[in-house]
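So this block is my_file-v4.cif, mmCIF, C-alpha atoms:
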```
data_data
#
loop_
_atom_site.label_atom_id
_atom_site.label_comp_id
_atom_site.auth_asym_id
_atom_site.auth_seq_id
_atom_site.Cartn_x
_atom_site.Cartn_y
_atom_site.Cartn_z
CA MET A 49 83.41 -37.08 -62.25
CA LYS A 50 82.08 -33.64 -61.35
CA GLU A 51 78.77 -33.04 -59.62
CA VAL A 52 75.88 -31.39 -61.45
CA ASP A 53 73.70 -28.59 -60.12
CA GLN A 54 70.33 -30.22 -60.85
CA ALA A 55 68.44 -26.93 -60.70
CA ARG A 56 70.82 -25.43 -63.27
CA LEU A 57 70.48 -28.48 -65.50
CA ASN A 58 66.68 -28.21 -65.36
CA ARG A 59 66.80 -24.49 -66.16
CA ILE A 60 69.19 -24.91 -69.10
CA SER A 61 67.18 -27.82 -70.46
CA ALA A 62 63.90 -25.87 -70.26
CA ARG A 63 65.45 -22.86 -71.97
CA LEU A 64 66.96 -24.90 -74.80
CA ARG A 65 63.70 -26.76 -75.37
CA ILE A 66 61.75 -23.50 -75.63
CA GLU A 67 64.23 -21.71 -77.90
CA LEU A 68 64.71 -24.70 -80.21
CA THR A 69 60.96 -25.09 -80.61
CA ALA A 70 60.49 -21.37 -81.23
CA ALA A 71 63.13 -21.43 -83.97
CA LEU A 72 61.64 -24.57 -85.55
CA ASN A 73 58.22 -22.94 -85.72
CA PHE A 74 59.61 -20.88 -88.60
CA LEU A 75 59.65 -24.01 -90.75
CA PRO A 76 56.42 -25.30 -92.33
CA GLN A 77 55.03 -28.36 -90.55
CA VAL A 78 56.05 -30.62 -93.42
CA ASP A 79 59.71 -29.58 -93.04
CA ARG A 80 60.02 -30.29 -89.30
CA GLY A 81 60.92 -33.96 -89.67
CA ALA A 82 64.61 -34.89 -89.62
CA SER A 83 64.98 -35.70 -93.34
CA ALA A 84 63.10 -32.63 -94.61
CA MET A 85 64.84 -30.37 -92.11
CA SER A 86 68.25 -31.68 -93.19
CA ARG A 87 67.43 -30.96 -96.82
CA VAL A 88 65.96 -27.48 -96.23
CA LEU A 89 68.68 -26.28 -93.84
CA GLY A 90 71.62 -28.04 -95.46
CA LEU A 91 72.58 -29.83 -92.24
CA GLU A 92 73.67 -33.38 -91.51
CA ARG A 93 70.68 -35.64 -91.05
CA THR A 94 72.01 -36.98 -87.74
CA THR A 95 72.04 -33.44 -86.30
CA CYS A 96 68.41 -32.96 -87.23
CA GLN A 97 67.48 -36.43 -85.99
CA ARG A 98 68.97 -35.71 -82.57
CA ILE A 99 67.17 -32.37 -82.25
CA VAL A 100 63.82 -33.85 -83.26
CA ALA A 101 64.24 -36.86 -80.97
CA ALA A 102 65.27 -34.68 -78.02
CA LEU A 103 62.21 -32.46 -78.41
CA LYS A 104 59.71 -35.26 -78.93
CA LYS A 105 60.90 -38.16 -76.81
CA SER A 106 62.77 -36.79 -73.78
CA ARG A 107 60.98 -37.11 -70.47
CA ASP A 108 63.39 -35.18 -68.25
CA ALA A 109 66.27 -32.73 -68.39
CA ALA A 110 68.98 -35.40 -68.28
CA GLU A 111 67.51 -37.32 -71.21
CA PHE A 112 66.96 -34.11 -73.17
CA VAL A 113 70.53 -32.77 -73.03
CA THR A 114 72.04 -36.19 -73.74
CA ARG A 115 69.83 -36.72 -76.79
CA LEU A 116 70.84 -33.34 -78.25
CA PRO A 117 73.76 -33.01 -80.67
CA GLY A 118 76.91 -31.26 -79.48
CA VAL A 119 77.33 -27.54 -78.92
CA ARG A 120 79.03 -26.99 -82.29
CA ALA A 121 76.17 -28.73 -84.12
CA LEU A 122 73.60 -26.68 -82.20
CA ALA A 123 75.41 -23.46 -83.11
CA GLY A 124 75.42 -24.61 -86.75
CA PHE A 125 71.69 -25.27 -86.53
CA ALA A 126 71.07 -21.72 -85.25
CA ASN A 127 73.16 -20.28 -88.08
CA ALA A 128 71.29 -22.40 -90.65
CA MET A 129 67.97 -21.12 -89.29
CA ARG A 130 69.23 -17.55 -89.70
CA LYS A 131 70.23 -18.21 -93.32
CA ALA A 132 66.81 -19.79 -93.95
CA GLY A 133 65.12 -16.55 -92.88
CA ALA A 134 64.00 -17.28 -89.32
CA GLU A 135 63.19 -14.34 -87.06
CA GLU A 136 66.45 -12.79 -85.86
CA GLU A 137 65.04 -12.45 -82.35
CA ASP A 138 64.42 -16.20 -82.21
CA VAL A 139 67.87 -17.03 -83.57
CA VAL A 140 69.65 -14.71 -81.13
CA ALA A 141 67.68 -16.22 -78.23
CA LEU A 142 68.65 -19.73 -79.39
CA GLU A 143 72.31 -18.77 -79.71
CA SER A 144 72.27 -17.37 -76.19
CA ALA A 145 70.73 -20.61 -74.88
CA VAL A 146 73.39 -22.64 -76.74
CA ARG A 147 76.17 -20.54 -75.16
CA ASP A 148 74.61 -21.16 -71.74
CA PHE A 149 74.58 -24.89 -72.53
CA ASP A 150 78.22 -24.69 -73.67
CA ARG A 151 79.26 -23.14 -70.35
CA PHE A 152 77.40 -25.88 -68.51
CA VAL A 153 79.05 -28.65 -70.56
CA SER A 154 82.51 -27.13 -70.07
CA ALA A 155 81.99 -26.95 -66.32
CA VAL A 156 80.96 -30.58 -65.80
CA ALA A 157 82.43 -32.74 -68.59
CA ARG A 158 85.29 -33.09 -71.07
CA SER A 159 83.22 -34.75 -73.79
CA LYS A 160 79.65 -35.45 -74.85
CA SER A 161 79.92 -39.05 -73.65
CA GLU A 162 81.14 -37.90 -70.25
CA LEU A 163 78.30 -35.36 -70.10
CA ALA A 164 75.82 -38.22 -70.56
CA LEU A 165 77.35 -40.11 -67.65
CA VAL A 166 77.41 -37.04 -65.41
CA VAL A 167 73.81 -35.92 -65.96
CA ARG A 168 72.44 -39.46 -65.70
CA ALA A 169 74.22 -39.88 -62.41
CA ALA A 170 72.80 -36.55 -61.25
CA ALA A 171 69.29 -37.56 -62.29
CA SER A 172 69.62 -40.84 -60.43
CA GLN A 173 70.84 -39.02 -57.33
CA SER A 174 68.01 -36.48 -57.53
CA ARG A 175 65.47 -39.30 -57.36
CA ARG A 176 66.99 -40.38 -54.03
CA SER A 177 67.51 -36.99 -52.42
CA VAL A 178 66.52 -33.34 -52.69
CA PRO A 179 69.05 -31.42 -54.81
CA GLY A 180 70.69 -28.28 -53.52
CA PRO A 181 71.40 -27.01 -50.03
CA VAL A 182 67.80 -26.11 -49.11
CA SER A 183 65.85 -28.83 -47.33
CA PRO A 184 62.13 -29.41 -47.92
CA SER A 185 61.40 -28.51 -44.31
CA ALA A 186 63.22 -25.19 -44.72
CA VAL A 187 61.20 -24.41 -47.85
CA ALA A 188 57.96 -25.32 -46.04
CA ARG A 189 58.85 -23.06 -43.11
CA ALA A 190 59.71 -20.22 -45.48
CA ARG A 191 56.35 -20.51 -47.25
CA GLU A 192 54.49 -20.51 -43.93
CA ASP A 193 56.40 -17.41 -42.79
CA HIS A 194 55.59 -15.83 -46.15
CA PHE A 195 51.89 -16.58 -45.59
CA HIS A 196 51.79 -14.88 -42.20
CA ALA A 197 53.63 -11.83 -43.55
CA SER A 198 51.33 -11.69 -46.59
CA THR A 199 48.15 -11.74 -44.50
CA ILE A 200 49.40 -8.64 -42.68
CA ILE A 201 50.17 -6.86 -45.94
CA ALA A 202 46.99 -7.90 -47.81
CA GLY A 203 44.70 -7.89 -44.78
CA ARG A 204 42.84 -10.97 -46.03
CA TRP A 205 43.38 -14.68 -46.61
CA SER A 206 41.61 -17.99 -47.30
CA GLU A 207 41.82 -21.34 -45.62
CA THR A 208 41.66 -22.91 -49.10
CA HIS A 209 42.10 -21.43 -52.56
CA LEU A 210 40.22 -23.68 -54.99
CA GLY A 211 40.54 -24.00 -58.74
CA VAL A 212 39.19 -26.67 -61.10
CA GLN A 213 39.25 -26.91 -64.89
CA LEU A 214 37.66 -29.56 -67.09
CA LEU A 215 38.53 -30.04 -70.76
CA ARG A 216 37.10 -32.39 -73.35
CA PRO A 217 37.07 -32.64 -77.15
CA VAL A 218 34.02 -31.12 -78.80
CA PRO A 219 31.70 -34.06 -79.59
CA GLY A 220 31.95 -34.74 -83.30
CA ASP A 221 34.91 -32.38 -83.87
CA ALA A 222 38.11 -33.52 -82.14
CA ASN A 223 40.09 -30.52 -83.43
CA TRP A 224 38.38 -28.33 -80.83
CA MET A 225 37.94 -28.48 -77.06
CA GLU A 226 35.34 -27.34 -74.52
CA LEU A 227 36.37 -25.81 -71.20
CA ILE A 228 34.73 -25.45 -67.78
CA SER A 229 36.43 -23.35 -65.11
CA ILE A 230 35.67 -23.24 -61.37
CA ARG A 231 37.29 -20.90 -58.85
CA GLY A 232 36.61 -20.26 -55.20
CA TYR A 233 37.75 -19.05 -51.80
CA LEU A 234 36.86 -21.27 -48.84
CA GLU A 235 36.77 -19.87 -45.30
CA HIS A 236 37.93 -16.50 -46.55
CA GLN A 237 38.31 -13.73 -43.99
CA ALA A 238 39.71 -10.23 -43.71
CA HIS A 239 40.77 -7.55 -41.30
CA ASP A 240 39.25 -4.07 -41.35
CA GLY A 241 40.87 -1.97 -44.06
CA ALA A 242 41.97 -4.98 -46.14
CA MET A 243 42.69 -4.72 -49.84
CA PRO A 244 39.62 -5.14 -52.09
CA LEU A 245 38.49 -8.67 -52.90
CA ALA A 246 38.07 -9.97 -56.44
CA LEU A 247 37.85 -13.43 -57.96
CA TYR A 248 38.96 -14.24 -61.48
CA THR A 249 37.89 -17.24 -63.48
CA GLY A 250 38.23 -18.80 -66.90
CA VAL A 251 42.00 -18.47 -67.31
CA THR A 252 43.97 -20.86 -69.49
CA GLY A 253 46.84 -20.02 -71.77
CA GLU A 254 44.90 -20.50 -75.01
CA ALA A 255 41.73 -18.89 -73.62
CA ALA A 256 43.73 -15.81 -72.63
CA ARG A 257 45.41 -15.54 -76.03
CA ARG A 258 42.11 -15.85 -77.89
CA GLY A 259 39.94 -13.71 -75.58
CA VAL A 260 37.53 -16.60 -74.96
CA ARG A 261 34.15 -15.61 -73.47
CA PHE A 262 32.48 -17.44 -70.59
CA GLU A 263 28.89 -18.06 -69.47
CA ALA A 264 27.19 -19.50 -66.39
CA ILE A 265 27.03 -23.27 -65.90
CA ALA A 266 23.70 -24.64 -67.13
CA GLY A 267 20.95 -24.52 -64.51
CA THR A 268 23.16 -23.33 -61.66
CA ASN A 269 22.28 -19.64 -61.45
CA PRO A 270 19.17 -18.90 -59.36
CA ALA A 271 17.04 -16.09 -60.75
CA ALA A 272 17.42 -14.22 -57.47
CA LEU A 273 21.16 -13.81 -58.04
CA ASP A 274 22.25 -10.87 -60.15
CA SER A 275 25.71 -12.29 -60.88
CA PRO A 276 25.96 -15.16 -63.39
CA GLY A 277 28.10 -18.15 -62.52
CA ILE A 278 27.79 -18.15 -58.74
CA LEU A 279 27.55 -21.76 -57.52
CA GLU A 280 24.98 -21.22 -54.79
CA PRO A 281 25.26 -24.62 -53.00
CA PHE A 282 28.94 -23.94 -52.27
CA CYS A 283 28.62 -20.33 -51.07
CA SER A 284 27.97 -19.06 -47.54
CA LYS A 285 24.51 -17.67 -46.84
CA PRO A 286 23.61 -14.96 -47.36
CA ILE A 287 25.69 -14.92 -50.53
CA PRO A 288 28.06 -11.93 -50.61
CA THR A 289 27.32 -9.18 -53.11
CA ALA A 290 29.38 -9.83 -56.24
CA THR A 291 29.59 -7.52 -59.24
CA PRO A 292 30.73 -9.24 -62.45
CA ARG A 293 33.28 -7.54 -64.69
CA HIS A 294 33.94 -8.87 -68.17
CA GLY A 295 37.60 -8.24 -69.04
CA THR A 296 39.46 -9.06 -72.22
CA TYR A 297 40.73 -12.41 -70.95
CA VAL A 298 38.72 -13.22 -67.81
CA LEU A 299 35.39 -12.83 -66.10
CA SER A 300 35.99 -11.31 -62.69
CA TYR A 301 33.84 -10.62 -59.66
CA LEU A 302 34.29 -7.73 -57.27
CA ILE A 303 33.08 -9.07 -53.94
CA ASP A 304 31.65 -7.04 -51.07
CA ALA A 305 31.30 -9.23 -48.00
CA ASP A 306 31.57 -6.54 -45.32
CA GLY A 307 27.84 -6.16 -44.88
CA VAL A 308 26.94 -9.79 -44.12
CA HIS A 309 30.24 -11.54 -43.32
CA ARG A 310 32.23 -8.81 -41.63
CA ASN A 311 35.09 -10.26 -39.56
CA LYS A 312 33.97 -13.87 -40.03
CA PRO A 313 34.90 -16.55 -42.59
CA PHE A 314 32.79 -17.18 -45.68
CA ASP A 315 32.85 -19.34 -48.84
CA PHE A 316 32.45 -18.04 -52.38
CA VAL A 317 32.62 -20.30 -55.45
CA VAL A 318 31.85 -19.57 -59.11
CA GLY A 319 31.89 -21.64 -62.28
CA GLN A 320 31.69 -20.88 -66.00
CA LYS A 321 31.75 -22.72 -69.26
CA ALA A 322 33.59 -21.23 -72.22
CA VAL A 323 31.18 -19.93 -74.87
CA ASP A 324 33.92 -20.13 -77.49
CA ARG A 325 35.67 -23.35 -78.39
CA ILE A 326 39.42 -23.73 -77.88
CA PRO A 327 41.55 -25.34 -80.61
CA HIS A 328 43.11 -28.69 -79.78
CA PRO A 329 46.86 -28.14 -79.18
CA ARG A 330 47.78 -30.60 -81.91
CA THR A 331 46.41 -28.09 -84.46
CA SER A 332 48.78 -25.36 -83.22
CA ASP A 333 52.43 -24.66 -84.00
CA VAL A 334 53.07 -25.10 -80.27
CA PRO A 335 51.19 -28.31 -79.34
CA VAL A 336 50.91 -27.48 -75.63
CA HIS A 337 47.83 -26.68 -73.57
CA VAL A 338 48.48 -24.48 -70.55
CA SER A 339 46.22 -24.25 -67.50
CA LEU A 340 46.96 -21.55 -64.93
CA ASN A 341 45.79 -20.70 -61.45
CA GLN A 342 47.11 -17.72 -59.53
CA ALA A 343 47.30 -17.37 -55.75
CA GLU A 344 45.71 -13.92 -55.82
CA TYR A 345 45.43 -13.78 -52.03
CA PRO A 346 47.30 -15.57 -49.24
CA SER A 347 45.91 -18.98 -48.35
CA ARG A 348 46.84 -21.90 -46.14
CA GLN A 349 46.01 -24.45 -48.83
CA PHE A 350 46.03 -24.23 -52.61
CA VAL A 351 44.14 -26.91 -54.54
CA PHE A 352 44.18 -26.75 -58.33
CA ASP A 353 42.69 -29.67 -60.29
CA VAL A 354 42.61 -30.12 -64.05
CA TYR A 355 40.45 -32.91 -65.47
CA LEU A 356 41.19 -34.02 -69.03
CA HIS A 357 38.88 -36.26 -70.98
CA GLU A 358 40.59 -39.64 -71.31
CA GLU A 359 40.96 -39.08 -75.06
CA LEU A 360 43.13 -36.03 -74.28
CA ALA A 361 44.90 -37.47 -71.23
CA ARG A 362 46.32 -40.50 -73.00
CA ASN A 363 47.92 -38.39 -75.75
CA CYS A 364 49.88 -35.85 -73.74
CA ILE A 365 52.64 -35.53 -71.16
CA PRO A 366 51.66 -33.36 -68.16
CA SER A 367 53.97 -31.20 -66.06
CA LEU A 368 53.61 -28.69 -63.22
CA SER A 369 55.67 -25.66 -62.24
CA PRO A 370 55.28 -22.49 -60.13
CA HIS A 371 56.01 -19.07 -61.65
CA MET A 372 56.21 -15.47 -60.59
CA LEU A 373 54.20 -13.15 -62.81
CA GLY A 374 56.44 -11.47 -65.39
CA MET A 375 55.72 -8.08 -66.89
CA HIS A 376 55.28 -9.63 -70.34
CA LEU A 377 54.54 -13.26 -69.50
CA ASP A 378 53.84 -15.43 -72.50
CA VAL A 379 52.37 -18.51 -70.85
CA TRP A 380 54.24 -20.88 -73.15
CA ARG A 381 57.34 -19.16 -74.56
CA ASP A 382 58.62 -17.21 -71.55
CA THR A 383 58.17 -19.69 -68.73
CA TRP A 384 61.77 -20.51 -67.91
CA PRO A 385 62.81 -16.98 -66.66
CA THR A 386 59.83 -16.84 -64.27
CA GLN A 387 59.97 -20.36 -62.86
CA LEU A 388 60.41 -20.70 -59.11
CA PRO A 389 62.47 -23.52 -57.56
CA HIS A 390 61.05 -26.02 -55.08
CA GLY A 391 57.78 -26.57 -56.92
CA PRO A 392 55.06 -29.01 -55.86
CA ARG A 393 54.70 -32.53 -57.20
CA LEU A 394 52.04 -33.15 -59.83
CA GLN A 395 49.52 -35.66 -58.51
CA VAL A 396 47.50 -37.93 -60.78
CA LEU A 397 44.04 -38.43 -59.30
CA GLY A 398 43.31 -41.22 -61.73
CA SER A 399 40.27 -42.01 -63.81
CA HIS A 400 36.62 -41.83 -62.78
CA ALA A 401 37.43 -38.73 -60.69
CA GLU A 402 36.76 -40.61 -57.46
CA PRO A 403 39.97 -40.46 -55.41
CA ALA A 404 40.12 -40.81 -51.65
CA ASP A 405 39.95 -37.04 -51.56
CA GLU A 406 41.18 -34.94 -48.65
CA HIS A 407 39.39 -31.98 -50.23
CA PRO A 408 35.71 -32.98 -50.39
CA VAL A 409 34.54 -29.55 -51.60
CA ALA A 410 36.80 -29.82 -54.65
CA GLN A 411 35.39 -33.24 -55.43
CA ALA A 412 31.78 -32.22 -54.78
CA VAL A 413 31.85 -29.03 -56.86
CA THR A 414 33.52 -30.86 -59.76
CA ARG A 415 30.82 -33.53 -59.73
CA TYR A 416 28.07 -30.90 -59.38
CA VAL A 417 29.23 -28.86 -62.37
CA ALA A 418 29.96 -31.90 -64.58
CA ASP A 419 26.46 -33.26 -63.89
CA ALA A 420 24.88 -29.86 -64.62
CA GLU A 421 26.57 -29.74 -68.04
CA GLY A 422 25.96 -33.43 -68.78
CA TRP A 423 29.65 -34.32 -68.83
CA ALA A 424 30.40 -37.92 -67.84
CA LEU A 425 33.06 -37.45 -65.17
CA ASP A 426 34.00 -41.13 -65.22
CA GLU A 427 35.52 -40.45 -68.66
CA PHE A 428 38.04 -37.96 -67.23
CA VAL A 429 41.49 -38.21 -65.65
CA GLY A 430 42.35 -35.72 -62.93
CA PHE A 431 45.67 -33.96 -62.24
CA ARG A 432 46.25 -32.02 -59.03
CA CYS A 433 48.52 -29.26 -57.79
CA GLU A 434 48.31 -29.14 -53.99
CA VAL A 435 50.41 -26.68 -52.01
CA ALA A 436 50.49 -25.81 -48.32
CA TYR A 437 51.05 -22.05 -47.99
CA PRO A 438 51.40 -21.18 -51.70
CA VAL A 439 53.53 -18.21 -52.67
CA TRP A 440 51.29 -15.15 -52.75
CA ARG A 441 50.77 -13.80 -56.31
CA ALA A 442 52.55 -16.78 -57.88
CA TYR A 443 51.06 -18.71 -60.78
CA TYR A 444 50.87 -22.48 -60.66
CA MET A 445 51.00 -23.80 -64.21
CA MET A 446 50.11 -27.18 -65.64
CA GLN A 447 51.31 -27.84 -69.17
CA PHE A 448 49.98 -30.69 -71.27
CA ASP A 449 52.39 -31.40 -74.11
CA PHE A 450 50.77 -33.08 -77.10
CA GLY A 451 53.96 -32.88 -79.18
CA ARG A 452 56.00 -35.37 -77.16
CA VAL A 453 55.43 -39.11 -77.29
CA PRO A 454 54.10 -40.63 -74.04
CA ARG A 455 56.06 -43.73 -73.04
CA GLY A 456 54.33 -46.75 -74.45
CA GLY A 457 52.34 -44.51 -76.83
#
```

Structure encoded using structure tokens:
Amino acid sequence: MKEVDQARLNRISARLRIELTAALNFLPQVDRGASAMSRVLGLERTTCQRIVAALKKSRDAAEFVTRLPGVRALAGFANAMRKAGAEEEDVVALESAVRDFDRFVSAVARSKSELALVVRAAASQSRRSVPGPVSPSAVARAREDHFHASTIIAGRWSETHLGVQLLRPVPGDANWMELISIRGYLEHQAHDGAMPLALYTGVTGEAARRGVRFEAIAGTNPAALDSPGILEPFCSKPIPTATPRHGTYVLSYLIDADGVHRNKPFDFVVGQKAVDRIPHPRTSDVPVHVSLNQAEYPSRQFVFDVYLHEELARNCIPSLSPHMLGMHLDVWRDTWPTQLPHGPRLQVLGSHAEPADEHPVAQAVTRYVADAEGWALDEFVGFRCEVAYPVWRAYYMMQFDFGRVPRGG
């Protein structure tokens, strides 16, 4: 039995999942079940059943590719979608992904049943050891070297890059969600002549697509401060001058700390609540909520927490992956070409938002903002991305998939 490149399996699985879903979005919602799809596309019902089950029930790459029908059936599905009038761009992308899958299958197995054995064995092995020739310690050393090089290039860095997002259903209307976003730099410092400093907030995939507007957290903006959203208890004194800029997708702050914090560390934290509501993912063709946080400047630690109301958390499957910014990044569709290997593990902080937290500022600012807005934090479940020496300019992305069935759900 041949060995499987786990990273390649993950990449092929992610690509197939994305392209199959994109093609299926052409069909009306009522025709996306196996029976209706079989009738509309003129395909065998078992082919459609396997595609639907793979997309909805698979929890990892191995399970996904083994649930799928064979390569010939997938190619037939792509051709049927073309005949049904799907976008040619989507069909061509799906056909390319199927050919990639075909090459993978040919390289590791002689049959579909052998493929199932091979990838399950690979998945089992990957749980016991790190796949590939690069050790975790080598990756950690590379990131630390990258940090030191980046601080020279950028001229500035933070001890901790902090990001927190909270999401809950709109009371009385579960088809919409409310969003709070917190961003901050802790113990930030710079050399003379460093690149300018800015802080961006309020970024999620859906918020970016819809141009959602943000406002200051209730009762947290002292009248003496000209910039809305600054969380004064968590900023160094005197608070650096910050000029807000309202962009299409984000509220940003241009920060001038040279006058009062020149050549010494300082903290700067802001928080906003979305003025506009965000549609619940289950109402969208792509039932996935995406939360992003970018390492805009080098930092020793990267802490990114997303708190979902328990009503949301129990109906989705979360995942975490690091990405390099693409020129035309679509935060859901085009994630597989930008994904970096050796990503961090998604941590579940649990309910009541009271973990034994190694990052007390993250915990304190989350509690402070939730209390200010009257959100009951004990009704939320937290998810954390924690990285030592994150890749400068990379995005760390949490996806919450409401279209797949949580185990036991």

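The residues returned by the PyMOL selection byres ((chain A and resi 198-203) around 10) for this structure are Glu192, Asp193, His194, Phe195, His196, Ala197, Arg204, Trp205, Ser206, Gln237, Ala238, His239, Asp240, Gly241, Ala242, Met243, Pro244, Leu245, Tyr345, Pro346, Ser347, Val439, Trp440 and Arg441 of chain A.
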
Please list as a VMD selection string every residue within 9 Å of A:Val113, counting only C-alpha atoms and excluding residues in the same chain fewer than 2 positions away.
chain A and resid 57 60 to 61 64 102 106 108 to 111 115 to 117 149 163 to 164 167

Compare A:Gly81, A:Gly277, A:Pro335, A:Pro370 by their minimum atom-to-atom distance to A:Pro385, counting all atoms listed in the file, and give me the closest one.
A:Pro370

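Residues lying within 8 Å of stretch 65-77 of chain A, counting all atoms listed in the file and ignoring same-chain neighbours fewer than 2 positions away, are A:Ser61, A:Ala62, A:Arg63, A:Asp79, A:Arg80, A:Leu103, A:Met129, A:Ala134, A:Glu135, A:Asp138, A:Val139, A:Ala141, A:Leu142, A:Ala145, A:Asp333, A:Val334, A:Arg381.
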
Could you turn the residues from that selection into a file that holds C-alpha atoms, as a PDB file, keeping the file's coordinate frame?
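Result saved to result34.pdb:
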```
ATOM      1  CA  SER A  61      67.180 -27.820 -70.460  1.00  0.00           C
ATOM      2  CA  ALA A  62      63.900 -25.870 -70.260  1.00  0.00           C
ATOM      3  CA  ARG A  63      65.450 -22.860 -71.970  1.00  0.00           C
ATOM      4  CA  ASP A  79      59.710 -29.580 -93.040  1.00  0.00           C
ATOM      5  CA  ARG A  80      60.020 -30.290 -89.300  1.00  0.00           C
ATOM      6  CA  LEU A 103      62.210 -32.460 -78.410  1.00  0.00           C
ATOM      7  CA  MET A 129      67.970 -21.120 -89.290  1.00  0.00           C
ATOM      8  CA  ALA A 134      64.000 -17.280 -89.320  1.00  0.00           C
ATOM      9  CA  GLU A 135      63.190 -14.340 -87.060  1.00  0.00           C
ATOM     10  CA  ASP A 138      64.420 -16.200 -82.210  1.00  0.00           C
ATOM     11  CA  VAL A 139      67.870 -17.030 -83.570  1.00  0.00           C
ATOM     12  CA  ALA A 141      67.680 -16.220 -78.230  1.00  0.00           C
ATOM     13  CA  LEU A 142      68.650 -19.730 -79.390  1.00  0.00           C
ATOM     14  CA  ALA A 145      70.730 -20.610 -74.880  1.00  0.00           C
ATOM     15  CA  ASP A 333      52.430 -24.660 -84.000  1.00  0.00           C
ATOM     16  CA  VAL A 334      53.070 -25.100 -80.270  1.00  0.00           C
ATOM     17  CA  ARG A 381      57.340 -19.160 -74.560  1.00  0.00           C
TER      18      ARG A 381
END
```

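The interatomic distance for the pair atom CA of A:Ile365 and atom CA of A:Phe448 works out to 5.5 Å.
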
Which distance in Å separates atom CA of A:His371 and atom CA of A:Cys433, to one decimal?
13.2 Å

All residues 12 Å or closer to A:Tyr248, all atoms listed in the file, same chain fewer than 5 positions away omitted, as a count of residues only
35

Here's the selection I'm unsure about, the PyMOL selection byres ((chain A and resi 282) around 8); applied to the file above, which residues does it give, as JSON, numbers by chain?
{"A": [279, 280, 281, 283, 284, 315, 316, 317, 409, 413]}

Excluding same-chain residues fewer than 6 positions from A:Pro392, what lies within 12 Å of it counting all atoms listed in the file, as a PyMOL selection string?
chain A and resi 184+187-188+350-352+367-371+432-439+444-446

With all atoms listed in the file as the counted atoms, please give the residues lying no more than 8 Å from A:Leu227, apart from itself and same-chain residues fewer than 3 positions off, as a compact mmCIF listing (two decimals) with C-alpha atoms, in the frame of the given file.
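Just written: part_29.txt:
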```txt
# COMPACT_ATOMS: atom_id res chain seq x y z
CA GLN A 213 39.25 -26.91 -64.89
CA LEU A 214 37.66 -29.56 -67.09
CA LEU A 215 38.53 -30.04 -70.76
CA ARG A 216 37.10 -32.39 -73.35
CA LYS A 321 31.75 -22.72 -69.26
CA ALA A 322 33.59 -21.23 -72.22
CA ARG A 325 35.67 -23.35 -78.39
CA ILE A 326 39.42 -23.73 -77.88
```

Atomic distance atom CA of A:Asp449 - atom CA of A:His337, expressed in Å with one decimal:
6.6 Å

Min atom-atom distance to A:Leu356 from the set A:Leu247, A:Ala305, A:Val212, A:Ala412, counting only C-alpha atoms, belongs to A:Val212

Protein and nucleic acid residues near (56.8, -16.4, -62.4) (cut-off 6 Å, only C-alpha atoms) as a PyMOL selection string:
chain A and resi 371-374+386-387
